[in-house]
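What follows is a single structure, written as structure tokens, with notes after it.
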Amino acid sequence: MSTDVMIYANGLSKRYGSFRALDDVSFEVRRGEVVGFLGPNGAGKSTTMRILTCFIAPTSGTAKVRGQDVFDDTLAVRSSLGYLPQRAPLYLEMTVYEYLRFAAKVRNIDDSLFKQRARNVVEVCGLAQSLSKEIRQLSHGYRQRVGLAQALIHDPPILILDEPTSDLDPNEKAEFLNYLKQIGKDRTVLLSTHNLKEVESACARAIIVSRGRVVADGALDEIRAKSGRVRYIVSVQESIGASAYRGTGAPPKQSDVERALSGLKGVKKVAELPTDDRAHQYAIDGDDGDDIRADIFRMVSDKGWVLLELHRDTQTLEDVFRQLTIGDERRNRQLGPVAETSNASDEDDSDDEDEDDDSDDEETAPIESKRGKR
């Protein structure tokens with residue numbers, strides 16, 4: 001394994017009774033990468049992250065962080081990681097400064113080094129005006145900033161962030177992403193989120209999981225191209241007077257335009273789009289390998305029609321995500337309560353979850369307490 005590989009997962013599987021939350025998951029994250037970790041609820045994202053952060057053990061497979069095994073070298077792994085779960089585990093009665101000091105002591109950071117680190121994370125996370133406030137007095141957005149600060153206090157080379165913006169308002173999300181971009185300049189980041197625009201804004205690469213398996217892994221452009229098709233938008237003038245048209249001066253009929261577009265080589269599907277203008281507008285699905293814009297232009301020109309619009313749309317990340325993961329939603333509906341119960345510890349997005357819950361159930365216990373239970 002290369003020394004540039006900071007996170008390594010090979011054949012990870014996790015079972016809850018008869019339910020398989022993870023099924024042979026493998027991927028690598030290299031030094032300096034900011035990677036989006038995507039998937040619908042119940043796909044196995046949080047299970048993977050909890051394995052990587054030493055909270056639970058895999059049923060089978062191997063996971064390493066900076067070359068250290070998450071099962072055999074848990075302390076070495078934790079020293080290399082900064083972890084921010086969806087709801088940061090905060091002590092609400094502490095002030096922000098007290099909590100950061102507490103987090104530093106847990107990490108065995110002495111007082112002189114703590115002051116230096118605290119100055120850095122307070123500046124990065126925008127907490128200068130909140131150090132003396134009790135955490136209970138802070139908005140959820142500022143609590144997430146505090147959670148991010150504790151994940152950074154020991155200056156880890158790797159950050160694992162699990163749905164960090166799920167409960168933030170649009171302004172708070174924008175601020176958090178700005179912090180993430182600053183942090184990601186000199187760290188390796190694995191970011192789990194449902195917001196695909198966040199991934200497009202902050203990440204160069206994405207890993208998509210569905211039904212416990214990796215279904216896509218690569219640069220965002222590569223993933224967008226996975227559908228094998230590209231869409232073209234074409235708009236042809238319906239009627240602006242005979243002078244607009246050559247030859248007979250006859251404006252095109254909808255059926256004529258649709259028939260002509262469908263007859264072009266490489267066209268898979270033609271669908272009319274609604275428009276308020278006096279025009280015929282269509283979305284055309286074509287093969288990704290060939291660019292047919294020149295053919296469309298020549299056909300419209302030869303017919304003597306007026307071409308108002310022609311552009312090529314690449315598939316959005318959301319389009320490809322839906323194509324790759326739509327089966328998860330159907331599967332969860334079919335399994336009903338069984339899937340929800342079996343996977344409850346994996347993707348719990350309940351809004352009424354008690355933030356002070358100190359549950360000691362087996363699925364959130366540290367790995368050391370579970371040796372022999374793989």
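Quick note on naming: the chains in the structure tokens go A, B, ... in the order shown, residues restart at 1 in each chain, and ligands are numbered from 1 in order of appearance.
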
(request) Extract the full set of strand (DSSP E or B) residues from range 176-214 of chain A according to DSSP on the backbone, and format it as a PyMOL selection string. (result) chain A and resi 188-192+205-210+213-214

(request) Pick out the residues sitting within 12 Å of Val270 in chain A, and hand them over as a ChimeraX atom specification; count only C-alpha atoms, and ignore anything fewer than 5 positions along from it in its own chain. (result) /A:231-234,254-255,257-264,280-286

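Restricting the calculation to only C-alpha atoms, the smallest distance between Asp24 in chain A and any of A:Val5, A:Ser201, A:Gly11, A:Val209 is found for A:Gly11.
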
(request) Could you give me, as an MDAnalysis selection string, the residues within 6 Å of Arg205 in chain A, counting only C-alpha atoms and dropping anything in the same chain fewer than 2 positions from it? (result) chainID A and resid 35 203 218:220

(message) Excluding range 143-146 of chain A and its own-chain neighbours fewer than 2 positions away, which residues fall within 10 Å of it when counting only C-alpha atoms? Please give them as a PyMOL selection string.
(response) chain A and resi 84-90+92+96-97+99-100+121-122+124-127+130-131+135-141+148-152+164-165+167-168+172+175-176+179

(request) Rank nothing, just name the residue among A:Val34, A:Val29, A:Leu22, A:Ile326 nearest to Ala57 in chain A, using only C-alpha atoms. (result) A:Leu22

(message) Please report the interatomic distance between CA of His154 in chain A and CA of Phe102 in chain A in Å with one decimal.
(response)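 Result for CA of His154 in chain A versus CA of Phe102 in chain A: 11.8 Å, one decimal.
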